[in-house]
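So this one's final-v5.cif, mmCIF, C-alpha atoms:
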```
data_query
#
loop_
_atom_site.group_PDB
_atom_site.id
_atom_site.type_symbol
_atom_site.label_atom_id
_atom_site.label_comp_id
_atom_site.auth_asym_id
_atom_site.auth_seq_id
_atom_site.Cartn_x
_atom_site.Cartn_y
_atom_site.Cartn_z
ATOM 1 C CA LEU B 1 -3.265 12.340 -39.311
ATOM 2 C CA ARG B 2 -1.050 12.429 -36.289
ATOM 3 C CA PRO B 3 0.811 9.185 -35.766
ATOM 4 C CA ASP B 4 -0.754 8.794 -32.346
ATOM 5 C CA PHE B 5 -4.140 9.202 -33.997
ATOM 6 C CA CYS B 6 -3.419 6.397 -36.466
ATOM 7 C CA GLU B 7 -2.535 4.068 -33.681
ATOM 8 C CA PRO B 8 -4.731 4.990 -30.744
ATOM 9 C CA GLU B 9 -3.229 3.947 -27.465
ATOM 10 C CA PHE B 10 -5.207 1.371 -25.627
ATOM 11 C CA PRO B 11 -7.144 3.467 -23.057
ATOM 12 C CA GLY B 12 -6.104 1.302 -20.161
ATOM 13 C CA ARG B 13 -2.449 1.218 -21.071
ATOM 14 C CA VAL B 14 -1.454 4.069 -18.828
ATOM 15 C CA LEU B 15 -3.183 2.394 -15.918
ATOM 16 C CA VAL B 16 -1.403 -0.887 -16.597
ATOM 17 C CA THR B 17 1.948 0.869 -16.832
ATOM 18 C CA THR B 18 1.304 2.595 -13.513
ATOM 19 C CA LEU B 19 0.271 -0.735 -12.066
ATOM 20 C CA LEU B 20 3.448 -2.357 -13.306
ATOM 21 C CA ASP B 21 5.510 0.360 -11.628
ATOM 22 C CA LEU B 22 3.576 -0.197 -8.440
ATOM 23 C CA LEU B 23 4.077 -3.952 -8.670
ATOM 24 C CA VAL B 24 7.819 -3.504 -8.830
ATOM 25 C CA LYS B 25 7.622 -1.477 -5.640
ATOM 26 C CA ILE B 26 5.454 -4.129 -4.013
ATOM 27 C CA HIS B 27 7.729 -6.886 -5.218
ATOM 28 C CA ASN B 28 10.769 -5.226 -3.763
ATOM 29 C CA HIS B 29 9.231 -5.184 -0.343
ATOM 30 C CA ILE B 30 6.839 -8.093 -0.156
ATOM 31 C CA VAL B 31 7.588 -11.723 -0.742
ATOM 32 C CA VAL B 32 4.745 -14.148 -0.267
ATOM 33 C CA ASP B 33 4.249 -17.706 -1.504
ATOM 34 C CA LYS B 34 0.892 -17.361 -3.170
ATOM 35 C CA LEU B 35 1.751 -14.916 -5.918
ATOM 36 C CA SER B 36 5.508 -15.041 -5.774
ATOM 37 C CA THR B 37 5.905 -16.535 -9.279
ATOM 38 C CA ALA B 38 3.904 -13.696 -10.756
ATOM 39 C CA PHE B 39 5.816 -11.100 -8.729
ATOM 40 C CA ALA B 40 9.122 -12.666 -9.719
ATOM 41 C CA ALA B 41 8.078 -12.767 -13.392
ATOM 42 C CA LEU B 42 7.246 -9.057 -13.262
ATOM 43 C CA SER B 43 10.479 -8.110 -11.523
ATOM 44 C CA ASP B 44 12.359 -8.094 -14.824
ATOM 45 C CA PRO B 45 12.185 -4.941 -17.010
ATOM 46 C CA THR B 46 12.119 -6.849 -20.318
ATOM 47 C CA ARG B 47 9.243 -8.998 -19.140
ATOM 48 C CA ARG B 48 7.379 -5.951 -17.877
ATOM 49 C CA HIS B 49 7.867 -4.367 -21.263
ATOM 50 C CA ILE B 50 6.425 -7.469 -22.917
ATOM 51 C CA VAL B 51 3.393 -7.427 -20.589
ATOM 52 C CA ASP B 52 2.959 -3.722 -21.294
ATOM 53 C CA ARG B 53 3.068 -4.395 -25.057
ATOM 54 C CA LEU B 54 0.492 -7.200 -24.713
ATOM 55 C CA THR B 55 -1.978 -4.809 -23.088
ATOM 56 C CA ARG B 56 -2.354 -3.381 -26.606
ATOM 57 C CA GLY B 57 -3.398 -6.767 -27.953
ATOM 58 C CA PRO B 58 -1.962 -10.155 -28.959
ATOM 59 C CA ALA B 59 1.465 -10.255 -30.607
ATOM 60 C CA THR B 60 3.742 -12.830 -32.219
ATOM 61 C CA VAL B 61 7.154 -13.703 -30.775
ATOM 62 C CA ALA B 62 8.776 -11.856 -33.709
ATOM 63 C CA GLU B 63 6.751 -8.720 -32.957
ATOM 64 C CA LEU B 64 7.659 -8.921 -29.287
ATOM 65 C CA THR B 65 11.356 -9.332 -30.114
ATOM 66 C CA GLU B 66 11.470 -6.326 -32.443
ATOM 67 C CA PRO B 67 11.910 -3.507 -29.908
ATOM 68 C CA PHE B 68 14.772 -5.310 -28.175
ATOM 69 C CA SER B 69 18.321 -5.818 -29.339
ATOM 70 C CA VAL B 70 18.328 -9.414 -28.198
ATOM 71 C CA SER B 71 17.712 -12.712 -30.002
ATOM 72 C CA GLN B 72 14.273 -14.211 -30.451
ATOM 73 C CA GLN B 73 15.551 -17.100 -28.367
ATOM 74 C CA ALA B 74 16.202 -14.818 -25.407
ATOM 75 C CA ILE B 75 12.710 -13.354 -25.713
ATOM 76 C CA SER B 76 11.273 -16.890 -25.873
ATOM 77 C CA LYS B 77 12.882 -17.610 -22.530
ATOM 78 C CA HIS B 78 11.212 -14.543 -21.053
ATOM 79 C CA LEU B 79 7.902 -15.630 -22.569
ATOM 80 C CA ALA B 80 8.246 -19.098 -21.035
ATOM 81 C CA TYR B 81 8.816 -17.417 -17.670
ATOM 82 C CA LEU B 82 5.679 -15.308 -18.068
ATOM 83 C CA GLU B 83 3.756 -18.370 -19.213
ATOM 84 C CA ARG B 84 4.799 -20.352 -16.144
ATOM 85 C CA ALA B 85 3.542 -17.502 -13.974
ATOM 86 C CA ARG B 86 0.290 -17.726 -16.009
ATOM 87 C CA LEU B 87 0.561 -14.023 -16.839
ATOM 88 C CA ILE B 88 0.421 -14.808 -20.546
ATOM 89 C CA GLN B 89 -0.672 -17.689 -22.739
ATOM 90 C CA ARG B 90 0.021 -18.727 -26.326
ATOM 91 C CA GLU B 91 -2.732 -19.079 -28.831
ATOM 92 C CA LYS B 92 -2.689 -20.233 -32.419
ATOM 93 C CA ILE B 93 -4.546 -17.783 -34.625
ATOM 94 C CA GLY B 94 -4.440 -19.003 -38.233
ATOM 95 C CA ARG B 95 -0.932 -20.176 -38.939
ATOM 96 C CA GLU B 96 0.697 -17.801 -36.468
ATOM 97 C CA ASN B 97 1.411 -18.315 -32.790
ATOM 98 C CA PHE B 98 0.238 -15.347 -30.730
ATOM 99 C CA CYS B 99 0.919 -14.386 -27.160
ATOM 100 C CA THR B 100 -2.000 -12.961 -25.189
ATOM 101 C CA LEU B 101 -2.310 -11.556 -21.706
ATOM 102 C CA ASN B 102 -4.083 -13.409 -18.908
ATOM 103 C CA PRO B 103 -5.747 -10.421 -17.251
ATOM 104 C CA LEU B 104 -7.079 -12.375 -14.284
ATOM 105 C CA VAL B 105 -3.638 -13.180 -12.888
ATOM 106 C CA LEU B 106 -2.562 -9.598 -13.459
ATOM 107 C CA ARG B 107 -5.594 -8.513 -11.490
ATOM 108 C CA ASP B 108 -4.784 -10.887 -8.628
ATOM 109 C CA VAL B 109 -1.306 -9.461 -8.465
ATOM 110 C CA ALA B 110 -2.533 -5.890 -8.692
ATOM 111 C CA SER B 111 -5.205 -6.181 -6.032
ATOM 112 C CA TRP B 112 -3.162 -8.204 -3.604
ATOM 113 C CA ALA B 113 -2.280 -6.206 -0.523
ATOM 114 C CA GLU B 114 -3.735 -3.122 -2.232
ATOM 115 C CA ARG B 115 -6.242 -2.299 0.468
ATOM 116 C CA TYR B 116 -3.725 -2.779 3.213
ATOM 117 C CA ARG B 117 -1.143 -0.665 1.430
ATOM 118 C CA ARG B 118 -3.735 1.994 0.710
ATOM 119 C CA PHE B 119 -4.887 2.180 4.301
ATOM 120 C CA TRP B 120 -1.403 2.983 5.566
ATOM 121 C CA GLU B 121 -0.236 5.061 2.630
ATOM 122 C CA GLU B 122 -3.276 7.314 2.801
ATOM 123 C CA SER B 123 -3.221 7.462 6.605
ATOM 124 C CA TYR B 124 0.382 8.579 6.494
ATOM 125 C CA GLU B 125 -0.331 11.127 3.762
ATOM 126 C CA ARG B 126 -2.958 12.618 6.052
ATOM 127 C CA LEU B 127 -0.487 12.483 8.936
ATOM 128 C CA ASP B 128 2.046 14.403 6.800
ATOM 129 C CA MET B 129 -0.502 17.180 6.310
ATOM 130 C CA LEU B 130 -1.444 17.212 9.982
ATOM 131 C CA LEU B 131 2.217 17.421 11.010
ATOM 132 C CA GLU B 132 2.754 20.353 8.630
ATOM 133 C CA GLU B 133 -0.202 22.076 10.230
ATOM 134 C CA MET B 134 1.170 21.485 13.712
ATOM 135 C CA LYS B 135 4.638 22.795 12.874
ATOM 136 C CA PRO B 136 4.030 26.582 12.828
ATOM 137 C CA LYS B 137 2.422 26.312 16.263
ATOM 138 C CA GLU B 138 5.487 24.521 17.500
ATOM 139 C CA LYS B 139 7.714 27.214 15.993
ATOM 140 C CA SER B 140 5.797 30.100 17.541
ATOM 141 C CA ALA B 141 5.650 28.313 20.894
ATOM 142 C CA ARG B 142 9.381 27.790 20.722
ATOM 143 C CA GLY B 143 9.780 31.410 19.661
ATOM 144 C CA ARG B 144 7.779 32.555 22.652
ATOM 145 C CA ARG B 145 9.833 30.374 24.951
ATOM 146 C CA HIS B 146 12.954 31.730 23.340
ATOM 147 C CA ARG B 147 11.855 35.325 23.703
ATOM 148 C CA LYS B 148 10.906 34.709 27.324
ATOM 149 C CA LYS B 149 14.328 33.236 27.932
ATOM 150 C CA GLU B 150 15.964 36.238 26.327
ATOM 151 C CA ARG B 151 13.927 38.552 28.475
ATOM 152 C CA SER B 152 14.832 36.710 31.651
ATOM 153 C CA GLU B 153 18.481 36.846 30.808
ATOM 154 C CA MET N 1 6.689 3.777 2.820
ATOM 155 C CA LYS N 2 7.795 0.206 2.972
ATOM 156 C CA ILE N 3 5.602 -2.804 3.700
ATOM 157 C CA THR N 4 7.257 -6.099 4.522
ATOM 158 C CA ALA N 5 5.363 -9.367 4.804
ATOM 159 C CA GLU N 6 7.689 -12.311 4.509
ATOM 160 C CA ALA N 7 6.510 -15.740 3.438
ATOM 161 C CA GLY N 8 5.879 -18.114 6.301
ATOM 162 C CA LYS N 9 5.776 -15.361 8.926
ATOM 163 C CA GLN N 10 2.738 -13.957 10.667
ATOM 164 C CA ASP N 11 3.569 -10.301 10.796
ATOM 165 C CA ILE N 12 3.471 -7.207 8.620
ATOM 166 C CA VAL N 13 5.966 -4.415 9.135
ATOM 167 C CA VAL N 14 5.288 -0.907 7.853
ATOM 168 C CA THR N 15 8.030 1.715 7.993
ATOM 169 C CA ARG N 16 7.712 5.359 7.100
ATOM 170 C CA ALA N 17 9.703 8.537 7.719
ATOM 171 C CA PHE N 18 8.096 11.871 8.535
ATOM 172 C CA ASN N 19 9.464 15.381 8.227
ATOM 173 C CA ALA N 20 8.719 16.296 11.798
ATOM 174 C CA SER N 21 10.202 15.938 15.249
ATOM 175 C CA VAL N 22 9.553 12.779 17.243
ATOM 176 C CA ASP N 23 7.617 14.884 19.752
ATOM 177 C CA LEU N 24 5.070 15.941 17.116
ATOM 178 C CA VAL N 25 4.794 12.498 15.525
ATOM 179 C CA PHE N 26 4.272 10.859 18.913
ATOM 180 C CA ARG N 27 1.567 13.364 19.839
ATOM 181 C CA THR N 28 -0.432 12.463 16.732
ATOM 182 C CA HIS N 29 -0.561 8.896 18.038
ATOM 183 C CA ILE N 30 -1.702 9.609 21.595
ATOM 184 C CA GLU N 31 -3.968 12.665 21.375
ATOM 185 C CA PRO N 32 -7.475 11.540 20.396
ATOM 186 C CA ASP N 33 -8.371 14.649 18.348
ATOM 187 C CA LEU N 34 -5.141 14.426 16.380
ATOM 188 C CA PHE N 35 -5.300 10.650 15.964
ATOM 189 C CA ALA N 36 -8.832 10.774 14.550
ATOM 190 C CA ARG N 37 -7.696 13.245 11.920
ATOM 191 C CA TRP N 38 -5.167 11.010 10.184
ATOM 192 C CA TYR N 39 -5.810 7.351 11.014
ATOM 193 C CA GLY N 40 -7.596 5.756 8.042
ATOM 194 C CA CYS N 41 -7.635 6.109 4.278
ATOM 195 C CA HIS N 42 -9.181 9.016 2.326
ATOM 196 C CA GLY N 43 -12.896 9.378 2.953
ATOM 197 C CA MET N 44 -12.691 7.430 6.192
ATOM 198 C CA LYS N 45 -14.308 8.961 9.254
ATOM 199 C CA THR N 46 -13.168 7.945 12.707
ATOM 200 C CA ASP N 47 -15.372 8.364 15.784
ATOM 201 C CA MET N 48 -13.434 7.999 18.987
ATOM 202 C CA ILE N 49 -15.416 6.134 21.651
ATOM 203 C CA GLU N 50 -12.609 5.434 24.118
ATOM 204 C CA PHE N 51 -8.982 6.501 23.868
ATOM 205 C CA ASP N 52 -6.718 6.147 26.862
ATOM 206 C CA PRO N 53 -3.186 5.552 25.612
ATOM 207 C CA ARG N 54 -1.317 4.570 28.773
ATOM 208 C CA ARG N 55 -0.345 1.237 30.309
ATOM 209 C CA GLY N 56 -3.553 -0.769 30.793
ATOM 210 C CA GLY N 57 -5.726 1.879 29.107
ATOM 211 C CA THR N 58 -8.303 0.915 26.470
ATOM 212 C CA PHE N 59 -9.327 2.294 23.098
ATOM 213 C CA LYS N 60 -12.334 1.857 20.871
ATOM 214 C CA TYR N 61 -13.229 3.696 17.699
ATOM 215 C CA ALA N 62 -15.738 3.328 14.911
ATOM 216 C CA GLN N 63 -14.687 3.906 11.306
ATOM 217 C CA THR N 64 -16.780 4.369 8.185
ATOM 218 C CA ILE N 65 -16.022 5.061 4.542
ATOM 219 C CA ASN N 66 -18.714 7.194 2.930
ATOM 220 C CA GLY N 67 -21.251 5.807 5.365
ATOM 221 C CA ARG N 68 -20.595 2.157 4.448
ATOM 222 C CA ASP N 69 -18.092 -0.438 5.627
ATOM 223 C CA PHE N 70 -18.784 0.360 9.243
ATOM 224 C CA PHE N 71 -16.400 -1.292 11.658
ATOM 225 C CA ILE N 72 -15.317 -0.935 15.260
ATOM 226 C CA SER N 73 -11.741 -1.527 16.376
ATOM 227 C CA LYS N 74 -10.836 -1.904 20.023
ATOM 228 C CA GLY N 75 -8.028 -3.058 22.257
ATOM 229 C CA VAL N 76 -5.791 -2.442 25.219
ATOM 230 C CA TYR N 77 -2.572 -0.471 25.526
ATOM 231 C CA HIS N 78 0.091 -2.745 26.923
ATOM 232 C CA ASP N 79 2.684 -0.022 27.206
ATOM 233 C CA VAL N 80 3.193 3.563 26.085
ATOM 234 C CA ILE N 81 6.675 5.041 26.399
ATOM 235 C CA SER N 82 6.754 8.708 25.469
ATOM 236 C CA GLN N 83 8.450 9.391 22.098
ATOM 237 C CA GLU N 84 9.678 5.787 21.976
ATOM 238 C CA SER N 85 7.018 3.126 21.569
ATOM 239 C CA ILE N 86 3.367 2.154 21.773
ATOM 240 C CA ILE N 87 2.428 -1.497 22.216
ATOM 241 C CA ARG N 88 -1.243 -2.436 22.067
ATOM 242 C CA THR N 89 -3.656 -5.190 21.111
ATOM 243 C CA VAL N 90 -6.158 -4.607 18.281
ATOM 244 C CA GLU N 91 -9.343 -6.506 17.586
ATOM 245 C CA ASN N 92 -12.157 -5.969 15.104
ATOM 246 C CA GLU N 93 -15.357 -6.066 17.169
ATOM 247 C CA ALA N 94 -17.043 -8.164 14.463
ATOM 248 C CA LYS N 95 -14.363 -10.861 14.817
ATOM 249 C CA PRO N 96 -13.940 -11.392 18.572
ATOM 250 C CA GLY N 97 -10.915 -13.382 19.677
ATOM 251 C CA ARG N 98 -8.845 -12.603 16.623
ATOM 252 C CA VAL N 99 -6.429 -10.224 18.242
ATOM 253 C CA ALA N 100 -3.351 -8.675 16.689
ATOM 254 C CA LEU N 101 -0.427 -7.227 18.614
ATOM 255 C CA GLU N 102 0.670 -3.817 17.360
ATOM 256 C CA THR N 103 4.102 -2.389 18.155
ATOM 257 C CA MET N 104 4.946 1.131 17.002
ATOM 258 C CA ARG N 105 8.463 2.383 17.453
ATOM 259 C CA PHE N 106 9.447 6.015 17.012
ATOM 260 C CA ALA N 107 13.005 7.022 16.228
ATOM 261 C CA GLN N 108 14.241 10.536 15.643
ATOM 262 C CA VAL N 109 16.605 10.231 12.683
ATOM 263 C CA SER N 110 17.526 13.915 12.527
ATOM 264 C CA ARG N 111 16.279 17.125 14.115
ATOM 265 C CA ALA N 112 13.303 17.275 11.780
ATOM 266 C CA ALA N 113 12.817 13.655 10.696
ATOM 267 C CA THR N 114 11.245 10.767 12.531
ATOM 268 C CA GLN N 115 11.026 7.152 11.481
ATOM 269 C CA VAL N 116 7.996 5.125 12.518
ATOM 270 C CA THR N 117 8.181 1.336 12.424
ATOM 271 C CA ALA N 118 4.874 -0.437 12.965
ATOM 272 C CA GLN N 119 4.747 -4.175 13.400
ATOM 273 C CA PHE N 120 1.419 -6.006 13.235
ATOM 274 C CA LEU N 121 1.687 -9.502 14.642
ATOM 275 C CA PHE N 122 -1.250 -11.818 13.907
ATOM 276 C CA GLN N 123 -2.252 -15.061 15.618
ATOM 277 C CA SER N 124 -1.566 -17.160 12.527
ATOM 278 C CA ILE N 125 -0.057 -16.924 9.056
ATOM 279 C CA SER N 126 -3.511 -17.299 7.522
ATOM 280 C CA ASP N 127 -4.840 -14.382 9.616
ATOM 281 C CA ARG N 128 -1.935 -12.307 8.346
ATOM 282 C CA ASP N 129 -2.491 -13.277 4.721
ATOM 283 C CA GLU N 130 -6.202 -12.604 5.058
ATOM 284 C CA ALA N 131 -5.473 -9.105 6.328
ATOM 285 C CA LEU N 132 -3.209 -8.470 3.346
ATOM 286 C CA ALA N 133 -5.570 -9.918 0.770
ATOM 287 C CA SER N 134 -8.700 -8.185 2.094
ATOM 288 C CA GLY N 135 -8.740 -5.744 -0.796
ATOM 289 C CA ALA N 136 -8.769 -8.500 -3.399
ATOM 290 C CA LYS N 137 -12.384 -9.363 -2.710
ATOM 291 C CA ASP N 138 -13.517 -5.780 -2.454
ATOM 292 C CA GLY N 139 -14.748 -5.023 -5.939
ATOM 293 C CA THR N 140 -16.680 -1.929 -4.942
ATOM 294 C CA ARG N 141 -13.872 0.564 -4.951
ATOM 295 C CA GLU N 142 -13.474 2.886 -7.883
ATOM 296 C CA SER N 143 -9.889 2.058 -8.654
ATOM 297 C CA PHE N 144 -10.812 -1.562 -9.061
ATOM 298 C CA GLU N 145 -13.896 -0.761 -11.029
ATOM 299 C CA ARG N 146 -11.587 1.001 -13.453
ATOM 300 C CA LEU N 147 -9.264 -1.957 -13.459
ATOM 301 C CA ASP N 148 -12.157 -4.350 -13.975
ATOM 302 C CA GLN N 149 -13.299 -2.383 -17.012
ATOM 303 C CA LEU N 150 -9.802 -2.469 -18.380
ATOM 304 C CA LEU N 151 -9.446 -6.198 -17.790
ATOM 305 C CA GLU N 152 -12.789 -6.865 -19.370
ATOM 306 C CA SER N 153 -11.716 -5.111 -22.524
ATOM 307 C CA LEU N 154 -8.449 -7.011 -22.445
ATOM 308 C CA CYS N 155 -10.386 -10.290 -22.240
ATOM 309 C CA ARG N 156 -12.209 -9.392 -25.433
ATOM 310 C CA LEU N 157 -8.992 -8.909 -27.391
#
```

Represent the structure contained in this file as structure tokens.
Amino acid sequence: LRPDFCEPEFPGRVLVTTLLDLLVKIHNHIVVDKLSTAFAALSDPTRRHIVDRLTRGPATVAELTEPFSVSQQAISKHLAYLERARLIQREKIGRENFCTLNPLVLRDVASWAERYRRFWEESYERLDMLLEEMKPKEKSARGRRHRKKERSE
Amino acid sequence: MKITAEAGKQDIVVTRAFNASVDLVFRTHIEPDLFARWYGCHGMKTDMIEFDPRRGGTFKYAQTINGRDFFISKGVYHDVISQESIIRTVENEAKPGRVALETMRFAQVSRAATQVTAQFLFQSISDRDEALASGAKDGTRESFERLDQLLESLCRL
């Protein structure tokens, strides 16, 4: 068995990772009261990594600390930050304390300003194509003008 | 592309650079046939009803996405300065009286690059925030359907 077959990736993981990238972009350019705690919480790469890990399912603090070369205490601070932003919550399953994702807040963050952004991003993509189309005409017109000028000289 | 919407302010600023001369970029904003070809997201169709981009001129166009979400935008051009700026009012016909002021500035940054800065100034902060959050309630779009499915499965974990 291939290792990736043993541990199938959560199907939505790629989407979440893309979303997280997008959120960083949004966060860098947009600051608004309503969701600012969530945006601020996601502005840190370690915390984004933790959120990304939690999209694969609940994890203990020890499990979340493992991939990092920092103390469990440092990770706990990051977790408290994420908890305050309501992006994650802690749940006791058996004797262990697990962290789980709060998908609803993540969705609020992801969908916020999305339509607006999309309207302009896609409009401008179309404008890029239109401008490319217009360019050769401009060139040949300029060429004609140029040739005319040469002839008149 | 950069979108800026600062807390406590009532405007949105969108900036974007294009690999074309300011002459070309400006033309795409004032020639109706060209404008209709790019303004709007993928799948959006724009029907130009009026389009007179000069001082005091009016515009009105209807936009649809795949036959649904029909809406008409209209307004008045306050000023149009060739290859420099376009200032106009914009109003959704379904929400009369809620008018936004749109200022587009064009700046040639090099021979083949033009920067467009568009400012959308709303009547109140809540109008501005509503414009930004409009997608949040729109659960019909595919990308959000995908996200919803994902979130649902996350909830079950």

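Proximity ranking of B:Thr65, B:Arg86, B:Arg47, B:Lys77 relative to Arg107 of chain B places B:Arg86 first, based on only C-alpha atoms.
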
Report task. Give as a PyMOL selection string every residue, naming chains and numbers as the document does, that has an atom within 12 Å of (2.7, -9.9, -31.9), counting all atoms listed in the file. Result -> chain B and resi 50-51+53-67+90-93+96-101

Query raised in the report: So, counting only C-alpha atoms, which residue among B:Asp52, B:Ala113, B:Val105, B:Glu132 is closest to chain N?
Result: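 The answer is B:Ala113, which sits nearest to chain N.
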
Query raised in the report: Residues around (-7.5, 2.1, 24.5), cut-off 12 Å, counting only C-alpha atoms - what are they as JSON, numbers by chain?
Result: {"N": [29, 30, 31, 32, 48, 49, 50, 51, 52, 53, 54, 55, 56, 57, 58, 59, 60, 61, 73, 74, 75, 76, 77, 78, 79, 80, 86, 87, 88, 89, 90, 91]}

Requested in this report: Check what the PyMOL selection byres ((chain N and resi 3) around 6) selects in the file above and give those residues as a list in words.
Outcome: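 Applied to this file, the PyMOL selection byres ((chain N and resi 3) around 6) selects His29 of chain B; Lys2, Thr4, Val13 and Val14 of chain N.
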
With C-alpha atoms retained, could you export that selection as a tab-separated table (two decimals), in the coordinates of the input?
```tsv
chain	number	residue	atom	x	y	z
B	29	HIS	CA	9.23	-5.18	-0.34
N	2	LYS	CA	7.80	0.21	2.97
N	4	THR	CA	7.26	-6.10	4.52
N	13	VAL	CA	5.97	-4.42	9.14
N	14	VAL	CA	5.29	-0.91	7.85
```

Query - Top pick for closest residue to Pro103 of chain B, considering B:Leu87, B:Ala74, B:Met129, B:Phe119 and counting all atoms listed in the file - result: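 Smallest separation from Pro103 of chain B among the options: B:Leu87.
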
Query raised in the report: Got a sec: who's within 10 Å of Lys9 of chain N, counting all atoms listed in the file, leaving out chain neighbours fewer than 4 positions off, as a list of chain:residue names?
Result: B:Val32, N:Ala5, N:Leu121, N:Phe122, N:Ser124, N:Ile125, N:Ser126, N:Arg128, N:Asp129

Requested in this report: Please provide the set of residues having any atom within 10 Å of Arg111 of chain N, restricted to all atoms listed in the file, with same-chain residues fewer than 4 positions apart removed, written as a PyMOL selection string.
Outcome: chain N and resi 19-22

Query - Pick from B:Tyr124, B:Ala80, B:Ala38, B:Lys135 nearest to Gln115 of chain N, counting all atoms listed in the file - result: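 Result for the nearest residue to Gln115 of chain N: B:Tyr124.
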
Query raised in the report: Could you work out how far atom CA of Glu121 of chain B lies from atom CA of Met1 of chain N, giving the answer in Å with one decimal?
Result: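 If I compute the distance from atom CA of Met1 of chain N to atom CA of Glu121 of chain B, I get 7.0 Å.
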
Query raised in the report: What does the distance from atom CA of Ser69 of chain B to atom CA of Asp44 of chain B come to in Å, to one decimal?
Result: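 Going from atom CA of Ser69 of chain B over to atom CA of Asp44 of chain B, I get 15.9 Å.
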